[in-house]
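Reviewing the structure listed below.
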Amino acid sequence: MNAVFPGSFDPITSGHMDVLTRAAKIFDHVTVTVMHNARKQGRHLFTLDERLEILREATAHFGNVSVDTFGGLLVDYMARQPGSVILRGLRAVSDYEYELQIAHLNRQIGDAETVFIMAATRWSFVSSSMIREIASYGGDVSEMVPRASAGALRRKHEDVYAEREAQNAGTH
């Protein structure tokens, strides 16, 4: 059985990687799919191409994981993936309430099943939006994201990181 792990992955976090690592052991193949919405263009830190590049680098060591992209309804994408289930990661009860609604809708409108994997407790507080916020101030996120994301965040905010490092060097 195959799984589709959809998301915006802006950027992929260690929580995402935890879920993906465990899913890769359970499923024959996992497709990490960057869902994009033309109406949300400009709301992401990374462009679609940048997110795909980060994901390809972060998942290169998996033998049964691929990266794809799709714009539109997830159930339409799933219709092209016969025998696949939707994979979603959960961090907390609040995630479950939202994801349960979406899972019911996906089953209702597209007959798509959803499988949930709980992220490890150590990643339960990590979200892409929090990572983007910390990085925008030059904070160290290297323990909370894969190396590919950390490098991309550093490049995206290189002036902030350089300024922070200069300030820290001046205080020591």
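Ordering of the structure tokens sets the chain letters (A, B, ...); residue numbers start at 1 within each chain; ligands are numbered from 1 in the order shown.
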Residue contacts of Val19 in chain A (9 Å, only C-alpha atoms) excluding same-chain residues fewer than 6 positions away, as a list of chain:residue names: A:Leu87, A:Arg88, A:Gly89, A:Leu90, A:Ile117, A:Met118, A:Ala119, A:Ala120
Strand (DSSP E) positions in range 6-131 of chain A, given as a ChimeraX atom specification: /A:6-7,29-36,65-71,84-90,114-118
Every residue of range 90-171 of chain A that DSSP places in helix (DSSP H, G or I), as an NGL selection string: :A and (93-110 or 121-123 or 128-136 or 147-156 or 158-171)
Residues within 12 Å of Arg107 in chain A, only C-alpha atoms, excluding chain neighbours under 2 positions, as a ChimeraX atom specification: /A:74-76,78-79,85-86,100-105,109-115
Distance query range 146-152 of chain A at most 7 Å, only C-alpha atoms, self and fewer than 6 positions along chain excluded, as a PyMOL selection string: chain A and resi 11-14+54+57-58
Please produce an output containing C-alpha atoms for each residue in the selection, written as a compact mmCIF listing (two decimals), in the first residue's frame.
```txt
# COMPACT_ATOMS: atom_id res chain seq x y z
CA PRO A 11 9.59 24.47 5.19
CA ILE A 12 9.63 20.78 6.10
CA THR A 13 10.34 20.32 9.83
CA SER A 14 11.79 17.57 11.98
CA ILE A 54 14.30 21.41 -0.11
CA GLU A 57 17.28 17.14 -0.62
CA ALA A 58 15.70 16.25 2.75
```
Shortest interatomic distance to Val126 in chain A - which of A:Val160, A:His16, A:Gly7, A:Thr69, counting only C-alpha atoms: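 Of A:Val160, A:His16, A:Gly7, A:Thr69, the one nearest Val126 in chain A, counting only C-alpha atoms, is A:His16.
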Listing only residues of range 42-99 of chain A within 8 Å of range 21-36 of chain A, what is the closest atom pair and its distance in Å (to one decimal) for each, using only C-alpha atoms, sorted by chain and residue number ascending, as a Markdown table?
```
| residue | atom | partner | partner_atom | distance |
| --- | --- | --- | --- | --- |
| A:Leu48 | CA | A:His36 | CA | 7.5 |
| A:Arg51 | CA | A:Val34 | CA | 7.7 |
| A:Leu52 | CA | A:Val34 | CA | 7.3 |
| A:Phe62 | CA | A:Ala24 | CA | 7.8 |
| A:Asn64 | CA | A:His29 | CA | 4.8 |
| A:Val65 | CA | A:Val30 | CA | 4.8 |
| A:Ser66 | CA | A:Thr31 | CA | 4.9 |
| A:Val67 | CA | A:Val32 | CA | 4.8 |
| A:Asp68 | CA | A:Thr33 | CA | 4.7 |
| A:Thr69 | CA | A:Val34 | CA | 4.6 |
| A:Phe70 | CA | A:Met35 | CA | 5.1 |
| A:Gly71 | CA | A:His36 | CA | 4.8 |
| A:Gly72 | CA | A:His36 | CA | 7.3 |
| A:Leu74 | CA | A:Met35 | CA | 7.8 |
```
Put those residues in a file: all heavy atoms, as an mmCIF file, in the first residue's frame.
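Final output, again_1.cif:
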```cif
data_model
loop_
_atom_site.group_PDB
_atom_site.id
_atom_site.type_symbol
_atom_site.label_atom_id
_atom_site.label_comp_id
_atom_site.auth_asym_id
_atom_site.auth_seq_id
_atom_site.Cartn_x
_atom_site.Cartn_y
_atom_site.Cartn_z
ATOM 1 N N LEU A 48 7.314 27.611 -4.674
ATOM 2 C CA LEU A 48 7.006 26.196 -4.904
ATOM 3 C C LEU A 48 8.267 25.444 -5.317
ATOM 4 O O LEU A 48 8.564 24.367 -4.788
ATOM 5 C CB LEU A 48 5.913 26.055 -5.968
ATOM 6 C CG LEU A 48 5.534 24.635 -6.358
ATOM 7 C CD1 LEU A 48 4.985 23.864 -5.157
ATOM 8 C CD2 LEU A 48 4.516 24.658 -7.486
ATOM 9 N N ARG A 51 10.551 24.925 -2.316
ATOM 10 C CA ARG A 51 10.044 23.885 -1.411
ATOM 11 C C ARG A 51 10.284 22.495 -1.979
ATOM 12 O O ARG A 51 10.666 21.575 -1.253
ATOM 13 C CB ARG A 51 8.552 24.111 -1.118
ATOM 14 C CG ARG A 51 8.343 25.300 -0.177
ATOM 15 C CD ARG A 51 6.888 25.529 0.135
ATOM 16 N NE ARG A 51 6.287 26.248 -0.968
ATOM 17 C CZ ARG A 51 5.002 26.205 -1.290
ATOM 18 N NH1 ARG A 51 4.161 25.459 -0.610
ATOM 19 N NH2 ARG A 51 4.545 26.909 -2.290
ATOM 20 N N LEU A 52 10.081 22.336 -3.288
ATOM 21 C CA LEU A 52 10.355 21.042 -3.926
ATOM 22 C C LEU A 52 11.835 20.683 -3.815
ATOM 23 O O LEU A 52 12.188 19.539 -3.523
ATOM 24 C CB LEU A 52 9.911 21.070 -5.391
ATOM 25 C CG LEU A 52 8.401 21.109 -5.618
ATOM 26 C CD1 LEU A 52 8.087 21.426 -7.076
ATOM 27 C CD2 LEU A 52 7.751 19.805 -5.197
ATOM 28 N N PHE A 62 15.873 8.325 1.412
ATOM 29 C CA PHE A 62 14.814 7.317 1.438
ATOM 30 C C PHE A 62 14.760 6.597 0.092
ATOM 31 O O PHE A 62 14.741 7.244 -0.951
ATOM 32 C CB PHE A 62 13.442 7.951 1.682
ATOM 33 C CG PHE A 62 13.228 8.502 3.058
ATOM 34 C CD1 PHE A 62 13.279 9.870 3.290
ATOM 35 C CD2 PHE A 62 12.951 7.659 4.128
ATOM 36 C CE1 PHE A 62 13.059 10.391 4.544
ATOM 37 C CE2 PHE A 62 12.730 8.168 5.392
ATOM 38 C CZ PHE A 62 12.792 9.530 5.603
ATOM 39 N N ASN A 64 12.153 4.718 -0.782
ATOM 40 C CA ASN A 64 10.752 4.552 -1.169
ATOM 41 C C ASN A 64 9.930 5.827 -0.982
ATOM 42 O O ASN A 64 8.728 5.778 -0.732
ATOM 43 C CB ASN A 64 10.121 3.388 -0.387
ATOM 44 C CG ASN A 64 10.033 3.661 1.105
ATOM 45 O OD1 ASN A 64 10.792 4.459 1.656
ATOM 46 N ND2 ASN A 64 9.102 2.995 1.762
ATOM 47 N N VAL A 65 10.581 6.981 -1.100
ATOM 48 C CA VAL A 65 9.892 8.267 -0.962
ATOM 49 C C VAL A 65 10.174 9.097 -2.201
ATOM 50 O O VAL A 65 11.317 9.175 -2.664
ATOM 51 C CB VAL A 65 10.357 9.023 0.305
ATOM 52 C CG1 VAL A 65 9.783 10.432 0.344
ATOM 53 C CG2 VAL A 65 9.960 8.256 1.565
ATOM 54 N N SER A 66 9.121 9.700 -2.735
ATOM 55 C CA SER A 66 9.286 10.620 -3.865
ATOM 56 C C SER A 66 8.593 11.933 -3.527
ATOM 57 O O SER A 66 7.808 12.008 -2.573
ATOM 58 C CB SER A 66 8.712 10.014 -5.148
ATOM 59 O OG SER A 66 7.338 9.744 -5.000
ATOM 60 N N VAL A 67 8.881 12.948 -4.318
ATOM 61 C CA VAL A 67 8.334 14.285 -4.105
ATOM 62 C C VAL A 67 7.543 14.674 -5.340
ATOM 63 O O VAL A 67 7.976 14.435 -6.467
ATOM 64 C CB VAL A 67 9.474 15.298 -3.838
ATOM 65 C CG1 VAL A 67 8.934 16.710 -3.743
ATOM 66 C CG2 VAL A 67 10.237 14.926 -2.566
ATOM 67 N N ASP A 68 6.377 15.279 -5.117
ATOM 68 C CA ASP A 68 5.509 15.684 -6.213
ATOM 69 C C ASP A 68 4.829 16.984 -5.821
ATOM 70 O O ASP A 68 4.989 17.475 -4.700
ATOM 71 C CB ASP A 68 4.473 14.583 -6.480
ATOM 72 C CG ASP A 68 3.798 14.699 -7.842
ATOM 73 O OD1 ASP A 68 4.204 15.552 -8.658
ATOM 74 O OD2 ASP A 68 2.849 13.927 -8.090
ATOM 75 N N THR A 69 4.045 17.538 -6.722
ATOM 76 C CA THR A 69 3.278 18.746 -6.445
ATOM 77 C C THR A 69 1.933 18.646 -7.141
ATOM 78 O O THR A 69 1.794 17.938 -8.146
ATOM 79 C CB THR A 69 4.043 20.009 -6.899
ATOM 80 O OG1 THR A 69 3.294 21.171 -6.512
ATOM 81 C CG2 THR A 69 4.283 20.016 -8.394
ATOM 82 N N PHE A 70 0.960 19.336 -6.583
ATOM 83 C CA PHE A 70 -0.377 19.316 -7.178
ATOM 84 C C PHE A 70 -1.118 20.573 -6.756
ATOM 85 O O PHE A 70 -1.045 20.994 -5.597
ATOM 86 C CB PHE A 70 -1.147 18.075 -6.725
ATOM 87 C CG PHE A 70 -2.479 17.899 -7.430
ATOM 88 C CD1 PHE A 70 -2.518 17.463 -8.744
ATOM 89 C CD2 PHE A 70 -3.669 18.185 -6.786
ATOM 90 C CE1 PHE A 70 -3.732 17.304 -9.403
ATOM 91 C CE2 PHE A 70 -4.887 18.030 -7.427
ATOM 92 C CZ PHE A 70 -4.915 17.586 -8.745
ATOM 93 N N GLY A 71 -1.862 21.153 -7.678
ATOM 94 C CA GLY A 71 -2.717 22.299 -7.388
ATOM 95 C C GLY A 71 -4.156 21.883 -7.602
ATOM 96 O O GLY A 71 -4.508 21.409 -8.669
ATOM 97 N N GLY A 72 -4.957 21.997 -6.596
ATOM 98 C CA GLY A 72 -6.354 21.600 -6.702
ATOM 99 C C GLY A 72 -6.776 20.804 -5.489
ATOM 100 O O GLY A 72 -6.117 20.825 -4.452
ATOM 101 N N LEU A 74 -7.230 17.756 -3.073
ATOM 102 C CA LEU A 74 -6.448 16.572 -2.754
ATOM 103 C C LEU A 74 -7.139 15.309 -3.263
ATOM 104 O O LEU A 74 -6.477 14.394 -3.747
ATOM 105 C CB LEU A 74 -6.217 16.486 -1.236
ATOM 106 C CG LEU A 74 -5.452 15.277 -0.727
ATOM 107 C CD1 LEU A 74 -4.086 15.155 -1.393
ATOM 108 C CD2 LEU A 74 -5.328 15.353 0.786
#
```
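Summary of the local environment: counting only C-alpha atoms, residues at most 9 Å from Gly83 in chain A, other than itself and those fewer than 4 positions away along its chain, are Met1, Asn2, Ala3 and Met78 of chain A.
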Would you save the residues of that selection, restricted to N, CA and C atoms, as a PDB file, in the first residue's frame?
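This is the output file result.pdb:
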```
ATOM      1  N   MET A   1       0.844  -1.176   0.000  1.00  0.00           N
ATOM      2  CA  MET A   1       0.000   0.000   0.000  1.00  0.00           C
ATOM      3  C   MET A   1       0.887   1.236   0.000  1.00  0.00           C
ATOM      4  N   ASN A   2       0.431   2.261  -0.708  1.00  0.00           N
ATOM      5  CA  ASN A   2       1.154   3.518  -0.822  1.00  0.00           C
ATOM      6  C   ASN A   2       0.432   4.614  -0.044  1.00  0.00           C
ATOM      7  N   ALA A   3       1.196   5.666   0.288  1.00  0.00           N
ATOM      8  CA  ALA A   3       0.626   6.806   1.009  1.00  0.00           C
ATOM      9  C   ALA A   3       1.029   8.098   0.319  1.00  0.00           C
ATOM     10  N   MET A  78      -5.661  12.217  -5.350  1.00  0.00           N
ATOM     11  CA  MET A  78      -5.766  10.844  -4.853  1.00  0.00           C
ATOM     12  C   MET A  78      -6.410   9.926  -5.895  1.00  0.00           C
TER      13      MET A  78
END
```
